[in-house]
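Q: Handing you a structure now.
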Amino acid sequence: MKVVLFCGGLGTRLREHSDTIPKPLVNVGYRPILWHLMRYYAHFGHTDFVLALGYRGDLIREHFLKYNECLTNDFRMSEGGRKIELFSRDLDNWRITFVDTGLHSNLGQRLLRVRQYLDGEPEFLANYADGLSDLPLDQHIADFRRRQAVASFVAVRTGQSFHSVRSDDNGIVTGFGQIAESEFWINGGFFCLRHDIFDHIEEGDELVEQPFQRLIAQRKLAVYRHHGFWQSMDTFKDKITFDRMEARGNCPWMLWKR
């Protein structure tokens, strides 16, 4: 399945970094959080990415155009530097499509602007580009297919404030709010979408507002509740949290290392 990653936000709450680079390029350890997320999807076999670019999208393009695996992987150099042997590789089998979706576009508009690259895809994945999780993605996809919903997303519990979620015992969303306290389930991204989602998005719509409300009315929006690790990089404090976890080797999202 193709994976759409929304990489165009301004990241105003992470201004210590986002004044100079886009949030997806803020490092967790030695690599950008975007790389960690893409590596997570690749672990489950999803290596065809569509990056919906906006703010400082040029830097994201440049990062991959100049990507040097020797800077982050073990390697052996011989013959005076003329021969390099990498012991592991990151993105040999990745395919990445870079799309300018506008500086001030919302998620709904960014999705509409990458639609042409999703033609022929009955299902696809999508996500914010600033959150990591140990979500069992294969189980989430299986649950999405079983429910025959148009869209499904992961609900998590956290002290951060995002869209709150209410659902019935069958996992069908019945309400989608604006602000959530810590005792609520909130929208954690990691979307599974059918191509039919485009029939529910109108010009100017924000993905998780008007289109999701239309799907709720039709009982076509599902949720997958995840009790494990989930963390977004919303503020500088979150960035420090990620760095400390990486320094301790406590990285539950790195399923590929288990």
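By order in the structure tokens, chains are A, B, ...; within a chain, residues start at 1; ligands start at 1, following the order shown.
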I need the residues of region 3-150 of chain A that end up classed as helix (DSSP H, G or I) by DSSP on the backbone, written out as a PyMOL selection string.
A: chain A and resi 12-18+23-25+33-43+57-65+69-71+79-81+107-113+115-118+137-147
Q: Please provide the set of residues having any atom within 7 Å of Gly54 (chain A), restricted to only C-alpha atoms, with same-chain residues fewer than 3 positions apart removed, written as a list in words.
A: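 Here the qualifying residues turn out to be Cys7, Gly8, Gly9, Gly57, Asp100, Thr101, Gly102 and Leu103 of chain A.
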Q: Only N, CA and C atoms, please: the residues just picked out, written as a PDB file, in the first residue's frame.
A:
```pdb
ATOM      1  N   CYS A   7       3.759  16.453   5.236  1.00  0.00           N
ATOM      2  CA  CYS A   7       5.029  17.058   5.665  1.00  0.00           C
ATOM      3  C   CYS A   7       5.035  18.573   5.505  1.00  0.00           C
ATOM      4  N   GLY A   8       3.865  19.205   5.429  1.00  0.00           N
ATOM      5  CA  GLY A   8       3.844  20.606   5.033  1.00  0.00           C
ATOM      6  C   GLY A   8       3.546  21.619   6.106  1.00  0.00           C
ATOM      7  N   GLY A   9       3.319  21.179   7.352  1.00  0.00           N
ATOM      8  CA  GLY A   9       2.944  22.123   8.405  1.00  0.00           C
ATOM      9  C   GLY A   9       4.057  23.078   8.794  1.00  0.00           C
ATOM     10  N   GLY A  57       9.633  22.630   2.012  1.00  0.00           N
ATOM     11  CA  GLY A  57       9.677  21.367   1.290  1.00  0.00           C
ATOM     12  C   GLY A  57      10.965  21.179   0.518  1.00  0.00           C
ATOM     13  N   ASP A 100       4.588  19.124  -4.130  1.00  0.00           N
ATOM     14  CA  ASP A 100       4.322  20.429  -3.512  1.00  0.00           C
ATOM     15  C   ASP A 100       2.810  20.586  -3.368  1.00  0.00           C
ATOM     16  N   THR A 101       2.329  20.648  -2.133  1.00  0.00           N
ATOM     17  CA  THR A 101       0.878  20.741  -1.902  1.00  0.00           C
ATOM     18  C   THR A 101       0.472  22.095  -1.322  1.00  0.00           C
ATOM     19  N   GLY A 102       1.381  23.075  -1.358  1.00  0.00           N
ATOM     20  CA  GLY A 102       1.029  24.416  -0.921  1.00  0.00           C
ATOM     21  C   GLY A 102       1.515  24.739   0.482  1.00  0.00           C
ATOM     22  N   LEU A 103       1.832  25.994   0.682  1.00  0.00           N
ATOM     23  CA  LEU A 103       2.395  26.417   1.961  1.00  0.00           C
ATOM     24  C   LEU A 103       1.359  26.408   3.075  1.00  0.00           C
TER      25      LEU A 103
END
```
Q: Just to confirm, what's the straight-line distance from CA of Phe64 (chain A) to CA of His46 (chain A) in Å (one decimal)?
A: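 CA of His46 (chain A) lies at a distance of 17.9 Å from CA of Phe64 (chain A).
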Q: Using backbone DSSP assignments, extract all strand (DSSP E) residues from region 19-253 of chain A; output them as a tab-separated table (two decimals) with N, CA and C atoms, in the first residue's frame.
A:
```tsv
chain	number	residue	atom	x	y	z
A	27	ASN	N	15.71	15.99	14.13
A	27	ASN	CA	16.31	14.70	14.41
A	27	ASN	C	15.78	14.06	15.69
A	28	VAL	N	15.68	12.75	15.65
A	28	VAL	CA	15.60	11.91	16.84
A	28	VAL	C	16.87	11.08	16.81
A	31	ARG	N	18.94	10.70	13.08
A	31	ARG	CA	18.12	10.72	11.87
A	31	ARG	C	16.85	11.54	12.10
A	32	PRO	N	16.29	12.15	11.05
A	32	PRO	CA	15.04	12.91	11.18
A	32	PRO	C	13.89	12.03	11.62
A	48	ASP	N	6.41	2.49	-0.58
A	48	ASP	CA	6.08	3.43	-1.65
A	48	ASP	C	5.45	4.66	-1.01
A	49	PHE	N	6.25	5.73	-0.89
A	49	PHE	CA	5.84	6.90	-0.13
A	49	PHE	C	5.48	8.08	-1.04
A	50	VAL	N	4.48	8.84	-0.60
A	50	VAL	CA	4.12	10.11	-1.24
A	50	VAL	C	4.24	11.18	-0.17
A	51	LEU	N	5.19	12.09	-0.32
A	51	LEU	CA	5.40	13.15	0.67
A	51	LEU	C	4.66	14.40	0.22
A	52	ALA	N	3.65	14.80	1.00
A	52	ALA	CA	2.88	16.02	0.72
A	52	ALA	C	3.61	17.19	1.35
A	53	LEU	N	4.35	17.94	0.53
A	53	LEU	CA	5.25	18.98	1.03
A	53	LEU	C	4.57	20.33	1.09
A	75	PHE	N	30.06	0.96	8.15
A	75	PHE	CA	30.64	0.63	6.84
A	75	PHE	C	32.14	0.40	6.98
A	76	ARG	N	32.71	-0.22	5.95
A	76	ARG	CA	34.16	-0.44	5.90
A	76	ARG	C	34.73	0.31	4.70
A	77	MET	N	35.78	1.08	4.95
A	77	MET	CA	36.45	1.81	3.89
A	77	MET	C	37.81	1.17	3.63
A	78	SER	N	38.13	1.00	2.36
A	78	SER	CA	39.43	0.41	2.00
A	78	SER	C	39.93	1.06	0.72
A	83	LYS	N	36.98	2.37	-1.98
A	83	LYS	CA	36.00	1.30	-1.84
A	83	LYS	C	35.26	1.44	-0.51
A	84	ILE	N	33.94	1.49	-0.58
A	84	ILE	CA	33.08	1.60	0.60
A	84	ILE	C	32.14	0.39	0.63
A	85	GLU	N	32.12	-0.32	1.76
A	85	GLU	CA	31.22	-1.46	1.94
A	85	GLU	C	30.26	-1.15	3.09
A	86	LEU	N	29.00	-0.96	2.78
A	86	LEU	CA	27.99	-0.72	3.80
A	86	LEU	C	27.53	-2.05	4.38
A	95	ARG	N	10.54	3.87	-2.63
A	95	ARG	CA	10.21	4.77	-3.74
A	95	ARG	C	9.50	5.97	-3.13
A	96	ILE	N	10.00	7.16	-3.41
A	96	ILE	CA	9.49	8.37	-2.76
A	96	ILE	C	9.04	9.37	-3.82
A	97	THR	N	7.78	9.79	-3.74
A	97	THR	CA	7.23	10.81	-4.63
A	97	THR	C	7.11	12.11	-3.84
A	98	PHE	N	7.72	13.17	-4.35
A	98	PHE	CA	7.72	14.47	-3.68
A	98	PHE	C	6.71	15.39	-4.37
A	99	VAL	N	5.75	15.91	-3.61
A	99	VAL	CA	4.67	16.71	-4.20
A	99	VAL	C	4.51	18.01	-3.42
A	100	ASP	N	4.59	19.12	-4.13
A	100	ASP	CA	4.32	20.43	-3.51
A	100	ASP	C	2.81	20.59	-3.37
A	123	GLU	N	-6.86	1.17	-1.76
A	123	GLU	CA	-6.59	1.49	-0.35
A	123	GLU	C	-5.21	2.15	-0.26
A	124	PHE	N	-5.04	2.99	0.72
A	124	PHE	CA	-3.73	3.56	0.98
A	124	PHE	C	-3.64	3.98	2.44
A	125	LEU	N	-2.43	4.24	2.88
A	125	LEU	CA	-2.17	4.67	4.25
A	125	LEU	C	-1.80	6.15	4.23
A	126	ALA	N	-2.02	6.82	5.35
A	126	ALA	CA	-1.65	8.23	5.46
A	126	ALA	C	-1.33	8.53	6.92
A	127	ASN	N	-0.55	9.58	7.12
A	127	ASN	CA	-0.18	9.90	8.50
A	127	ASN	C	0.42	11.30	8.59
A	128	TYR	N	0.36	11.85	9.80
A	128	TYR	CA	1.15	13.02	10.11
A	128	TYR	C	2.62	12.60	10.08
A	131	GLY	N	4.91	11.91	14.42
A	131	GLY	CA	4.57	11.02	15.53
A	131	GLY	C	5.07	9.61	15.29
A	132	LEU	N	5.45	8.93	16.37
A	132	LEU	CA	5.96	7.56	16.28
A	132	LEU	C	5.19	6.66	17.22
A	133	SER	N	5.11	5.37	16.88
A	133	SER	CA	4.34	4.43	17.68
A	133	SER	C	4.86	3.02	17.45
A	151	ALA	N	-12.69	5.03	6.12
A	151	ALA	CA	-11.50	5.53	6.79
A	151	ALA	C	-11.42	4.95	8.19
A	152	SER	N	-10.20	4.78	8.65
A	152	SER	CA	-9.96	4.34	10.02
A	152	SER	C	-8.70	5.04	10.51
A	153	PHE	N	-8.64	5.30	11.79
A	153	PHE	CA	-7.45	5.92	12.36
A	153	PHE	C	-7.20	5.31	13.73
A	154	VAL	N	-6.02	5.58	14.27
A	154	VAL	CA	-5.63	5.03	15.56
A	154	VAL	C	-6.01	6.01	16.66
A	155	ALA	N	-6.64	5.49	17.71
A	155	ALA	CA	-6.95	6.29	18.89
A	155	ALA	C	-6.00	5.89	20.00
A	156	VAL	N	-5.47	6.89	20.69
A	156	VAL	CA	-4.51	6.65	21.77
A	156	VAL	C	-4.89	7.52	22.96
A	157	ARG	N	-4.32	7.18	24.10
A	157	ARG	CA	-4.47	8.01	25.30
A	157	ARG	C	-3.18	8.77	25.52
A	164	SER	N	-10.56	14.62	20.27
A	164	SER	CA	-11.07	13.52	21.08
A	164	SER	C	-11.95	12.61	20.24
A	165	VAL	N	-12.08	11.37	20.69
A	165	VAL	CA	-12.79	10.35	19.92
A	165	VAL	C	-13.80	9.64	20.82
A	166	ARG	N	-15.02	9.45	20.29
A	166	ARG	CA	-16.01	8.60	20.94
A	166	ARG	C	-16.44	7.54	19.93
A	167	SER	N	-16.55	6.29	20.39
A	167	SER	CA	-16.93	5.21	19.49
A	167	SER	C	-17.82	4.22	20.22
A	173	VAL	N	-16.95	5.07	14.90
A	173	VAL	CA	-16.87	6.39	15.53
A	173	VAL	C	-18.24	7.03	15.56
A	174	THR	N	-18.60	7.56	16.73
A	174	THR	CA	-19.89	8.24	16.92
A	174	THR	C	-19.72	9.72	17.19
A	175	GLY	N	-18.52	10.14	17.52
A	175	GLY	CA	-18.28	11.56	17.78
A	175	GLY	C	-16.81	11.89	17.67
A	176	PHE	N	-16.54	13.10	17.22
A	176	PHE	CA	-15.16	13.52	16.99
A	176	PHE	C	-15.05	14.96	17.44
A	185	TRP	N	-9.74	9.22	24.71
A	185	TRP	CA	-9.02	8.72	23.56
A	185	TRP	C	-8.92	9.84	22.54
A	186	ILE	N	-7.76	9.96	21.92
A	186	ILE	CA	-7.57	11.05	20.95
A	186	ILE	C	-7.08	10.49	19.62
A	187	ASN	N	-7.23	11.30	18.58
A	187	ASN	CA	-6.78	10.93	17.25
A	187	ASN	C	-5.26	10.92	17.19
A	191	PHE	N	-3.62	6.70	9.57
A	191	PHE	CA	-4.87	6.51	8.86
A	191	PHE	C	-4.79	5.36	7.86
A	192	CYS	N	-5.86	4.59	7.77
A	192	CYS	CA	-6.10	3.66	6.66
A	192	CYS	C	-7.27	4.24	5.88
A	193	LEU	N	-7.12	4.39	4.58
A	193	LEU	CA	-8.14	5.06	3.77
A	193	LEU	C	-8.44	4.28	2.50
A	194	ARG	N	-9.70	4.27	2.13
A	194	ARG	CA	-10.08	3.76	0.81
A	194	ARG	C	-10.07	4.94	-0.16
A	221	LEU	N	-16.74	5.57	9.41
A	221	LEU	CA	-15.46	5.94	10.02
A	221	LEU	C	-15.19	5.02	11.20
A	222	ALA	N	-14.07	4.32	11.17
A	222	ALA	CA	-13.73	3.36	12.21
A	222	ALA	C	-12.51	3.83	13.00
A	223	VAL	N	-12.29	3.20	14.13
A	223	VAL	CA	-11.16	3.55	14.98
A	223	VAL	C	-10.50	2.27	15.47
A	224	TYR	N	-9.19	2.32	15.61
A	224	TYR	CA	-8.42	1.21	16.17
A	224	TYR	C	-7.75	1.72	17.43
A	225	ARG	N	-8.14	1.19	18.56
A	225	ARG	CA	-7.59	1.66	19.84
A	225	ARG	C	-6.26	0.98	20.13
A	230	TRP	N	2.85	5.64	21.93
A	230	TRP	CA	2.57	6.65	20.91
A	230	TRP	C	3.07	7.98	21.45
A	231	GLN	N	3.79	8.72	20.63
A	231	GLN	CA	4.29	10.02	21.05
A	231	GLN	C	4.47	10.90	19.82
A	232	SER	N	3.99	12.13	19.90
A	232	SER	CA	4.21	13.07	18.80
A	232	SER	C	5.27	14.09	19.22
```
Q: Of the candidates A:His195, A:Lys237, A:His36, A:His63, which shows the shortest atom-to-atom distance to Met1 (chain A), using only C-alpha atoms?
A: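 Closest residue, counting only C-alpha atoms: A:His195.
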